[in-house]
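Here the structure is laid out as structure tokens; the discussion comes afterwards.
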Amino acid sequence: MRQPNQRSQPPGPEHLAVREEAEALADPPGAAAAGASSGIPPAAPPPEAPVAERDAWWRAHLYRADREPQLTVRAVLVGGVIGVLSCAASLYSCLKLGWVFGLGLTVCMVSFVAFNGLRRLSGGRIRTLGLLENAAMSSVATVAGSTTGNTVVGAFGGLMLLTGNTVPWYHMAPMVFFAALMGTLVAIPLKRSIINDQQLRFPSSIASAETLRSLYSSGAEATRRAWMLLTAMGAAALLSLCRNLGSLADNFKAIGRPQEWLASLSNVVTPQGEYWLRGPLNPLTWHGIEGRLVGVSLEPGVLFIGAGMIMGLRVALSMLAGSLLLCFVIAPWLILQDQAHALDPQWIKTMKRVMVDGHPLWNPVSNWGIWCGTSIMVMSSLTVVALQWRTLGRAFSGIFARGGQAAAQDVLADVEVPMRWFVIGLVPVALGVILTLWLAFNLAPWLGLVAVILSFAIGFICARSCGEADMNPIGAMGKVTQLLYAGLAPGHGGINLLSAGVTSSAGGACGDLLSDMKSGYLLGQSPRQQFCGQIIGIFIGTCIVVPVWYLLVPDVKTLETYNPPTATMWKTVAVLLTAPKRMLADSAIVAMICGSFIGILLPLLESFRPKWRPYLPSAIGFGLAFVLPNSFQNAFSFAAGAVLMWLWARYRAASADRFAVPLASGFIAGEATAMALCSITGTALLMLHDAKLI
């Protein structure tokens, strides 16, 4: 049994998470394949240790790709098949609901159970997927199933609604492919800075690594940790299933096959979807305003609580502070000043027609807060880039270093993705983006070049957001591009949509790859093979997403029957921003100016006053609070998880060392898996009904 390190004082949540990421996932190379642990690795270097020292420790004690298979043919084939199936479900879900469910953890567990069953049925002739094979397979499946679909539903769906015409497949396919490839390339120079050097958290990635390791580990201590994870996963999955029974019953009713027993069961076991803050807890009550604010409620879920436990106290409390400022101070004032409409002059009248329990529902987050929040995230990320010019310079200097000299000085030179791959790929991919936008969509080459340059900035912002707050703000970043192109190409809604589609797709791909690489860093995967797996997933996804899109949406009339929230939002923003008369309210412009100032100030204070950092809000967390659809609800759950972890680490340090990350990972994995399976089931029922198969 691994004994906890002795400390003079209880560990803070940040040290605890870093230590759990490294030590708890650090079985000796080959231990998973052998089925046993053969020793205890030395303690990981502290976070403040030089990067070279931490890299050397990782190579010696975590890296196992040279001893175990990773990106094998069967891993790619299984991942491709699952990716094909998940692509259709994800597109349909995004069309109907406006969001795409995560499949990474679900795919890992399903493949683990399936291959173990096949091994038993075959008498041991079929070998199960190894740990790294399973991780590589999951990466291919999730990229193929979701990454390439972001551009299609948002940009192309919005363009179809805007123009009334269907986009030819030979225009759509190259744009989807090159945009996703651009984001993958952007991740290359960011990987070592964000993951190796800054050690950003990526909470869902930690949960994925912990779940996989628990499935493949043995030994007394590993067994106890696995039982904690599985118990938390089962409880979270059961709670999520109870919450989704009503939706499943509605899906059966929608296809004309009502299941009375399911509806009756949901009435008994389904908890209330959300608990509105009433009376003095409702911020509108203080100002004598009738109604409620979207998101000023609590939900009976544990996914965000688990993510908050891994995220850390600083980022989670920053999100809570931002949501309190928006919902309890700014939003009531805006409503009183009749400024909360931001985008639409008729917003006040429109929102008063939306009633919940007889009360009007106000939504300043999506209509006003998004402009302030995105400004904070954009400017803070650009400021961090400027402050880290030496680190990024070292990354790019690897392009010109001699191979032998670089290998001698860098213990990871033979496993990290080399910068020359970035250079070799950048020119043809950038030309592919520019030529596709020009020849297929009449976007001037210089405007295409701006989209390429913006892909770097948006990719960096999405990567930092995934690392710090476990959110990939693709939609919000798309609005940044739409706003910029409203000035560069005024009056052209199509240009507005397509440029935003390129940058948001690139940002999403960059965030997805770095999230996978964080899991791979914890499991000892080869970054080069992970990069190749991402390319394969993008190729498979492009080949699948376009024909599936045409099967689901053959024409504009069919698209309108879905009432697609994502496509409608993209189209609405494009129309409003490119209208001859400026539609953006003065309050939203002031919000962008204030957000930009905050985004620049916080990183500067962190850099020049490092002792102040623990007491300063995280710019990414603070900005995300203004962007989240259910701002207070989500931020409160994140903060509750972070405070729970802090208290646990402070008063029961030994127990927290052993079981905190498995518990948090179980919460994330259980609820995410159950939600994905319920959503896939409902989507499949509706698709089969629409195809007249049931």
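Each chain in the structure tokens gets a letter, A, B, ..., in the order shown, and its residues are numbered from 1; ligands are numbered from 1 in order too.
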Review point. Could you name the residues that touch A:Gly234 at 9 Å or less, counting only C-alpha atoms, but leaving out those on the same chain fewer than 2 positions away, as a PyMOL selection string?
Key: chain A and resi 229-232+236-239+666-667+670-671
Those residues with C-alpha atoms, as a CSV table (one decimal), in the first residue's frame please?
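Output file again_4.csv is given in full below:
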```csv
chain,number,residue,atom,x,y,z
A,229,LEU,CA,-14.8,4.9,-8.5
A,230,LEU,CA,-17.3,2.2,-9.5
A,231,THR,CA,-19.5,3.0,-6.5
A,232,ALA,CA,-19.5,6.7,-7.3
A,236,ALA,CA,-24.2,9.0,-10.4
A,237,ALA,CA,-25.5,6.9,-13.3
A,238,LEU,CA,-28.6,5.8,-11.3
A,239,LEU,CA,-29.3,9.5,-10.4
A,666,GLY,CA,-16.8,8.3,-10.8
A,667,PHE,CA,-19.2,11.3,-10.5
A,670,GLY,CA,-21.3,7.9,-14.2
A,671,GLU,CA,-23.5,10.8,-15.1
```
Could you name the residues that touch stretch 560-563 of chain A at 12 Å or less, counting only C-alpha atoms, but leaving out those on the same chain fewer than 2 positions away, as a short mmCIF file (atom, residue, chain, number, x, y, z; two decimals) with C-alpha atoms, in the first residue's frame?
```cif
data_model
loop_
_atom_site.label_atom_id
_atom_site.label_comp_id
_atom_site.auth_asym_id
_atom_site.auth_seq_id
_atom_site.Cartn_x
_atom_site.Cartn_y
_atom_site.Cartn_z
CA LEU A 91 -25.62 15.21 -35.50
CA TYR A 92 -29.22 14.34 -34.76
CA SER A 93 -28.84 15.36 -31.11
CA CYS A 94 -27.29 18.69 -32.11
CA LEU A 95 -30.07 19.32 -34.61
CA LYS A 96 -32.84 18.59 -32.12
CA LEU A 97 -31.32 19.69 -28.82
CA GLY A 98 -28.47 22.04 -29.70
CA VAL A 153 -24.61 21.98 -37.76
CA GLY A 157 -27.08 24.75 -40.98
CA GLY A 158 -27.14 28.51 -40.35
CA MET A 160 -28.91 27.02 -45.28
CA LEU A 161 -31.44 28.89 -43.13
CA LEU A 162 -29.96 32.20 -44.25
CA GLY A 164 -32.50 28.86 -48.44
CA LEU A 552 -30.81 13.86 -42.13
CA VAL A 553 -31.14 17.23 -43.91
CA PRO A 554 -31.77 16.79 -47.65
CA ASP A 555 -33.20 20.31 -48.02
CA VAL A 556 -33.97 23.50 -46.14
CA LYS A 557 -37.59 22.53 -45.52
CA THR A 558 -36.46 19.41 -43.69
CA PRO A 565 -31.41 25.75 -31.95
CA THR A 566 -27.70 25.85 -32.88
CA ALA A 567 -28.20 26.68 -36.56
CA THR A 568 -30.92 29.19 -35.73
CA MET A 569 -28.67 30.98 -33.22
CA LEU A 686 -36.68 9.30 -33.25
CA MET A 687 -34.35 8.49 -36.17
CA ASP A 690 -38.48 9.35 -39.01
#
```
Point to revise | Top pick for closest residue to A:Ser208, considering A:Gln70, A:Thr128, A:Ser519, A:Ser193 and counting only C-alpha atoms | key: A:Ser519
**Study point:** Nearby residues (only C-alpha atoms) at most 8 Å from A:Glu416, same-chain spacing under 6 positions excluded, as a VMD selection string
**Key:** chain A and resid 526 to 528
Revision key, fill the gap. For A:Ala331, the closest of A:Thr383, A:Ser587, A:Asn244, A:Gln272 counting only C-alpha atoms is A:Ser587
For A:Ser240: contacts at 12 Å, only C-alpha atoms, fewer than 5 positions along chain excluded, given as a PDB file with N, CA and C atoms, in the first residue's frame:
```pdb
ATOM      1  N   MET A 233     -19.568   5.931  -9.611  1.00  0.00           N
ATOM      2  CA  MET A 233     -20.089   5.876 -10.970  1.00  0.00           C
ATOM      3  C   MET A 233     -21.503   5.300 -10.989  1.00  0.00           C
ATOM      4  N   GLY A 234     -21.718   4.231 -10.243  1.00  0.00           N
ATOM      5  CA  GLY A 234     -23.043   3.623 -10.206  1.00  0.00           C
ATOM      6  C   GLY A 234     -24.085   4.552  -9.618  1.00  0.00           C
ATOM      7  N   ALA A 235     -23.729   5.245  -8.533  1.00  0.00           N
ATOM      8  CA  ALA A 235     -24.676   6.168  -7.915  1.00  0.00           C
ATOM      9  C   ALA A 235     -24.995   7.327  -8.853  1.00  0.00           C
ATOM     10  N   LEU A 245     -35.608   9.527 -17.226  1.00  0.00           N
ATOM     11  CA  LEU A 245     -36.712   8.622 -17.545  1.00  0.00           C
ATOM     12  C   LEU A 245     -37.876   9.370 -18.191  1.00  0.00           C
ATOM     13  N   GLY A 246     -38.138  10.583 -17.717  1.00  0.00           N
ATOM     14  CA  GLY A 246     -39.234  11.355 -18.292  1.00  0.00           C
ATOM     15  C   GLY A 246     -38.998  11.668 -19.762  1.00  0.00           C
ATOM     16  N   SER A 247     -37.748  11.988 -20.123  1.00  0.00           N
ATOM     17  CA  SER A 247     -37.433  12.275 -21.529  1.00  0.00           C
ATOM     18  C   SER A 247     -37.601  11.033 -22.393  1.00  0.00           C
ATOM     19  N   SER A 266     -41.305   7.115 -14.025  1.00  0.00           N
ATOM     20  CA  SER A 266     -40.634   8.419 -14.004  1.00  0.00           C
ATOM     21  C   SER A 266     -41.322   9.382 -13.043  1.00  0.00           C
ATOM     22  N   VAL A 269     -39.819   8.250  -9.511  1.00  0.00           N
ATOM     23  CA  VAL A 269     -38.392   8.311  -9.172  1.00  0.00           C
ATOM     24  C   VAL A 269     -37.672   9.534  -9.737  1.00  0.00           C
ATOM     25  N   THR A 270     -38.274  10.233 -10.703  1.00  0.00           N
ATOM     26  CA  THR A 270     -37.571  11.364 -11.312  1.00  0.00           C
ATOM     27  C   THR A 270     -37.599  12.571 -10.395  1.00  0.00           C
ATOM     28  N   PRO A 271     -36.423  13.079 -10.006  1.00  0.00           N
ATOM     29  CA  PRO A 271     -36.406  14.301  -9.186  1.00  0.00           C
ATOM     30  C   PRO A 271     -36.744  15.508 -10.032  1.00  0.00           C
ATOM     31  N   GLN A 272     -37.058  16.590  -9.374  1.00  0.00           N
ATOM     32  CA  GLN A 272     -37.338  17.823 -10.094  1.00  0.00           C
ATOM     33  C   GLN A 272     -36.120  18.233 -10.905  1.00  0.00           C
ATOM     34  N   GLY A 273     -36.350  18.704 -12.140  1.00  0.00           N
ATOM     35  CA  GLY A 273     -35.237  19.034 -13.020  1.00  0.00           C
ATOM     36  C   GLY A 273     -34.340  20.119 -12.475  1.00  0.00           C
ATOM     37  N   GLU A 299     -29.550  22.184  -9.491  1.00  0.00           N
ATOM     38  CA  GLU A 299     -29.946  20.942 -10.147  1.00  0.00           C
ATOM     39  C   GLU A 299     -29.427  19.749  -9.354  1.00  0.00           C
ATOM     40  N   PRO A 300     -30.159  18.634  -9.382  1.00  0.00           N
ATOM     41  CA  PRO A 300     -29.736  17.444  -8.626  1.00  0.00           C
ATOM     42  C   PRO A 300     -28.762  16.577  -9.409  1.00  0.00           C
ATOM     43  N   GLY A 301     -27.655  17.142  -9.836  1.00  0.00           N
ATOM     44  CA  GLY A 301     -26.651  16.394 -10.590  1.00  0.00           C
ATOM     45  C   GLY A 301     -25.308  16.443  -9.894  1.00  0.00           C
ATOM     46  N   VAL A 302     -24.423  15.508 -10.261  1.00  0.00           N
ATOM     47  CA  VAL A 302     -23.112  15.430  -9.612  1.00  0.00           C
ATOM     48  C   VAL A 302     -21.960  15.567 -10.601  1.00  0.00           C
ATOM     49  N   LEU A 303     -22.236  15.669 -11.905  1.00  0.00           N
ATOM     50  CA  LEU A 303     -21.153  15.761 -12.885  1.00  0.00           C
ATOM     51  C   LEU A 303     -20.303  17.005 -12.653  1.00  0.00           C
ATOM     52  N   PHE A 667     -18.122  10.326 -10.307  1.00  0.00           N
ATOM     53  CA  PHE A 667     -19.239  11.250 -10.524  1.00  0.00           C
ATOM     54  C   PHE A 667     -19.309  11.684 -11.990  1.00  0.00           C
ATOM     55  N   ILE A 668     -18.155  12.060 -12.549  1.00  0.00           N
ATOM     56  CA  ILE A 668     -18.124  12.531 -13.936  1.00  0.00           C
ATOM     57  C   ILE A 668     -18.475  11.402 -14.899  1.00  0.00           C
ATOM     58  N   ALA A 669     -17.806  10.250 -14.732  1.00  0.00           N
ATOM     59  CA  ALA A 669     -18.007   9.137 -15.659  1.00  0.00           C
ATOM     60  C   ALA A 669     -19.422   8.591 -15.592  1.00  0.00           C
ATOM     61  N   GLY A 670     -19.967   8.445 -14.379  1.00  0.00           N
ATOM     62  CA  GLY A 670     -21.296   7.861 -14.236  1.00  0.00           C
ATOM     63  C   GLY A 670     -22.378   8.702 -14.856  1.00  0.00           C
ATOM     64  N   GLU A 671     -22.405   9.994 -14.522  1.00  0.00           N
ATOM     65  CA  GLU A 671     -23.461  10.846 -15.069  1.00  0.00           C
ATOM     66  C   GLU A 671     -23.286  11.058 -16.565  1.00  0.00           C
ATOM     67  N   ALA A 672     -22.031  11.273 -17.019  1.00  0.00           N
ATOM     68  CA  ALA A 672     -21.812  11.484 -18.451  1.00  0.00           C
ATOM     69  C   ALA A 672     -22.204  10.260 -19.262  1.00  0.00           C
ATOM     70  N   THR A 673     -21.864   9.061 -18.763  1.00  0.00           N
ATOM     71  CA  THR A 673     -22.197   7.837 -19.489  1.00  0.00           C
ATOM     72  C   THR A 673     -23.696   7.616 -19.554  1.00  0.00           C
ATOM     73  N   ALA A 674     -24.371   7.795 -18.413  1.00  0.00           N
ATOM     74  CA  ALA A 674     -25.816   7.585 -18.395  1.00  0.00           C
ATOM     75  C   ALA A 674     -26.534   8.597 -19.284  1.00  0.00           C
ATOM     76  N   MET A 675     -26.098   9.845 -19.237  1.00  0.00           N
ATOM     77  CA  MET A 675     -26.715  10.866 -20.091  1.00  0.00           C
ATOM     78  C   MET A 675     -26.505  10.543 -21.565  1.00  0.00           C
ATOM     79  N   ALA A 676     -25.294  10.094 -21.904  1.00  0.00           N
ATOM     80  CA  ALA A 676     -25.016   9.762 -23.302  1.00  0.00           C
ATOM     81  C   ALA A 676     -25.877   8.594 -23.766  1.00  0.00           C
ATOM     82  N   LEU A 677     -25.968   7.544 -22.953  1.00  0.00           N
ATOM     83  CA  LEU A 677     -26.757   6.374 -23.341  1.00  0.00           C
ATOM     84  C   LEU A 677     -28.238   6.716 -23.467  1.00  0.00           C
ATOM     85  N   CYS A 678     -28.758   7.518 -22.531  1.00  0.00           N
ATOM     86  CA  CYS A 678     -30.163   7.921 -22.616  1.00  0.00           C
ATOM     87  C   CYS A 678     -30.408   8.774 -23.859  1.00  0.00           C
ATOM     88  N   SER A 679     -29.475   9.684 -24.136  1.00  0.00           N
ATOM     89  CA  SER A 679     -29.625  10.535 -25.312  1.00  0.00           C
ATOM     90  C   SER A 679     -29.538   9.726 -26.598  1.00  0.00           C
TER      91      SER A 679
END
```
**Study point:** Close residues, A:Gln534 itself excluded, 9 Å, only C-alpha atoms, min 6 positions apart in chain, as a list in words
**Key:**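 Counting only the stated atoms, we get Ser139, Val140, Val143, Ala144, Leu181, Thr184, Ala509 and Leu513 of chain A.
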Requested write-out: N, CA and C atoms of the selected residues, as a compact mmCIF listing (two decimals), in the first residue's frame:
```
# COMPACT_ATOMS: atom_id res chain seq x y z
N SER A 139 -10.17 7.77 -28.55
CA SER A 139 -9.82 9.04 -29.18
C SER A 139 -10.30 9.08 -30.63
N VAL A 140 -10.05 8.01 -31.38
CA VAL A 140 -10.50 7.95 -32.77
C VAL A 140 -12.02 8.05 -32.85
N VAL A 143 -13.36 11.68 -31.86
CA VAL A 143 -13.04 12.68 -32.89
C VAL A 143 -13.93 12.46 -34.12
N ALA A 144 -14.04 11.23 -34.56
CA ALA A 144 -14.86 10.93 -35.73
C ALA A 144 -16.33 11.23 -35.46
N LEU A 181 -8.38 19.95 -39.33
CA LEU A 181 -6.93 19.76 -39.38
C LEU A 181 -6.19 21.00 -38.86
N THR A 184 -6.05 20.86 -35.16
CA THR A 184 -5.11 19.83 -34.72
C THR A 184 -3.67 20.32 -34.80
N ALA A 509 -11.36 21.36 -32.32
CA ALA A 509 -10.40 20.28 -32.56
C ALA A 509 -9.15 20.45 -31.70
N LEU A 513 -8.02 17.64 -28.93
CA LEU A 513 -6.74 16.95 -28.99
C LEU A 513 -5.96 17.14 -27.70
```
Extract, using only C-alpha atoms, all DNA, RNA and protein residues at most 8 Å from stretch 536-548 of chain A, discarding same-chain residues fewer than 2 positions from it, and format them as a PDB file with C-alpha atoms, in the first residue's frame.
```
ATOM      1  CA  VAL A  76      -8.531   2.206 -35.340  1.00  0.00           C
ATOM      2  CA  GLY A  80     -13.951   4.041 -36.682  1.00  0.00           C
ATOM      3  CA  GLY A  83     -17.344   6.822 -34.612  1.00  0.00           C
ATOM      4  CA  VAL A  84     -19.650   6.165 -37.564  1.00  0.00           C
ATOM      5  CA  CYS A  87     -21.603  10.618 -35.668  1.00  0.00           C
ATOM      6  CA  ALA A  88     -25.209  10.062 -36.713  1.00  0.00           C
ATOM      7  CA  SER A 139      -9.822   9.040 -29.181  1.00  0.00           C
ATOM      8  CA  VAL A 140     -10.499   7.954 -32.774  1.00  0.00           C
ATOM      9  CA  ALA A 141     -14.174   7.293 -32.008  1.00  0.00           C
ATOM     10  CA  THR A 142     -14.851  10.600 -30.261  1.00  0.00           C
ATOM     11  CA  VAL A 143     -13.043  12.679 -32.894  1.00  0.00           C
ATOM     12  CA  ALA A 144     -14.863  10.929 -35.727  1.00  0.00           C
ATOM     13  CA  GLY A 145     -18.175  11.205 -33.911  1.00  0.00           C
ATOM     14  CA  SER A 146     -18.219  14.801 -32.721  1.00  0.00           C
ATOM     15  CA  THR A 147     -15.287  17.051 -33.704  1.00  0.00           C
ATOM     16  CA  THR A 148     -16.139  17.322 -37.387  1.00  0.00           C
ATOM     17  CA  GLY A 149     -19.851  17.925 -36.728  1.00  0.00           C
ATOM     18  CA  TRP A 169     -21.098  18.113 -50.616  1.00  0.00           C
ATOM     19  CA  MET A 172     -18.765  21.107 -47.447  1.00  0.00           C
ATOM     20  CA  ALA A 173     -16.334  18.178 -47.151  1.00  0.00           C
ATOM     21  CA  VAL A 176     -14.874  20.446 -42.612  1.00  0.00           C
ATOM     22  CA  PHE A 177     -11.651  18.512 -43.164  1.00  0.00           C
ATOM     23  CA  ALA A 180     -10.493  20.392 -38.169  1.00  0.00           C
ATOM     24  CA  LEU A 181      -6.930  19.764 -39.380  1.00  0.00           C
ATOM     25  CA  CYS A 532      -1.900  10.427 -35.760  1.00  0.00           C
ATOM     26  CA  GLY A 533      -5.051   9.014 -34.166  1.00  0.00           C
ATOM     27  CA  GLN A 534      -6.625  12.473 -34.271  1.00  0.00           C
ATOM     28  CA  TYR A 550     -27.550  14.882 -46.308  1.00  0.00           C
ATOM     29  CA  LEU A 551     -29.522  11.873 -45.106  1.00  0.00           C
ATOM     30  CA  LEU A 552     -30.814  13.856 -42.126  1.00  0.00           C
TER      31      LEU A 552
END
```
Check your understanding: Using only C-alpha atoms, which residues sit within 12 Å of A:Gly425 once same-chain residues fewer than 6 positions away are excluded, as an MDAnalysis selection string?
Key -> chainID A and resid 178 181:186 188 418:419 431:432 535
Check your understanding: Could you pull out the strand (DSSP E) residues of stretch 177-340 of chain A from DSSP and send them as a PyMOL selection string?
Key -> chain A and resi 275-276+292-293+297-298
Would you save the residues of that selection, restricted to N, CA and C atoms, as a PDB file, in the first residue's frame?
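Below is the file again28.pdb, written as the result:
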```
ATOM      1  N   TYR A 275     -34.324  23.410  -9.238  1.00  0.00           N
ATOM      2  CA  TYR A 275     -34.975  24.025  -8.088  1.00  0.00           C
ATOM      3  C   TYR A 275     -34.702  25.531  -8.133  1.00  0.00           C
ATOM      4  N   TRP A 276     -35.731  26.283  -8.491  1.00  0.00           N
ATOM      5  CA  TRP A 276     -35.569  27.732  -8.635  1.00  0.00           C
ATOM      6  C   TRP A 276     -35.349  28.375  -7.278  1.00  0.00           C
ATOM      7  N   ARG A 292     -38.073  35.398 -13.262  1.00  0.00           N
ATOM      8  CA  ARG A 292     -36.878  34.674 -12.849  1.00  0.00           C
ATOM      9  C   ARG A 292     -35.798  34.837 -13.912  1.00  0.00           C
ATOM     10  N   LEU A 293     -34.573  34.568 -13.503  1.00  0.00           N
ATOM     11  CA  LEU A 293     -33.439  34.576 -14.414  1.00  0.00           C
ATOM     12  C   LEU A 293     -33.071  33.150 -14.788  1.00  0.00           C
ATOM     13  N   SER A 297     -30.831  28.745 -10.295  1.00  0.00           N
ATOM     14  CA  SER A 297     -31.493  27.573  -9.744  1.00  0.00           C
ATOM     15  C   SER A 297     -30.423  26.550  -9.384  1.00  0.00           C
ATOM     16  N   LEU A 298     -30.847  25.449  -8.774  1.00  0.00           N
ATOM     17  CA  LEU A 298     -29.966  24.341  -8.426  1.00  0.00           C
ATOM     18  C   LEU A 298     -30.474  23.089  -9.115  1.00  0.00           C
TER      19      LEU A 298
END
```
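Atom pair atom CA of A:His492 / atom CA of A:Thr578: separated by 6.2 Å.
Closest approach to A:Ala75 among A:Phe112, A:Trp362, A:Tyr216, A:Trp57: A:Phe112, based on only C-alpha atoms.
When only C-alpha atoms are used to measure the gap to A:Leu577, the shortest distance among A:Ile289, A:Leu644, A:Ile589, A:Leu483 belongs to A:Leu483.
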Exercise for review: Rank A:Thr163, A:Asn251, A:Asn134, A:Ser380 by their smallest atom-to-atom distance to A:Ile620, using only C-alpha atoms, and report the top residue only.
Suggested key: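 Of all the options, A:Ser380 lies closest to A:Ile620.
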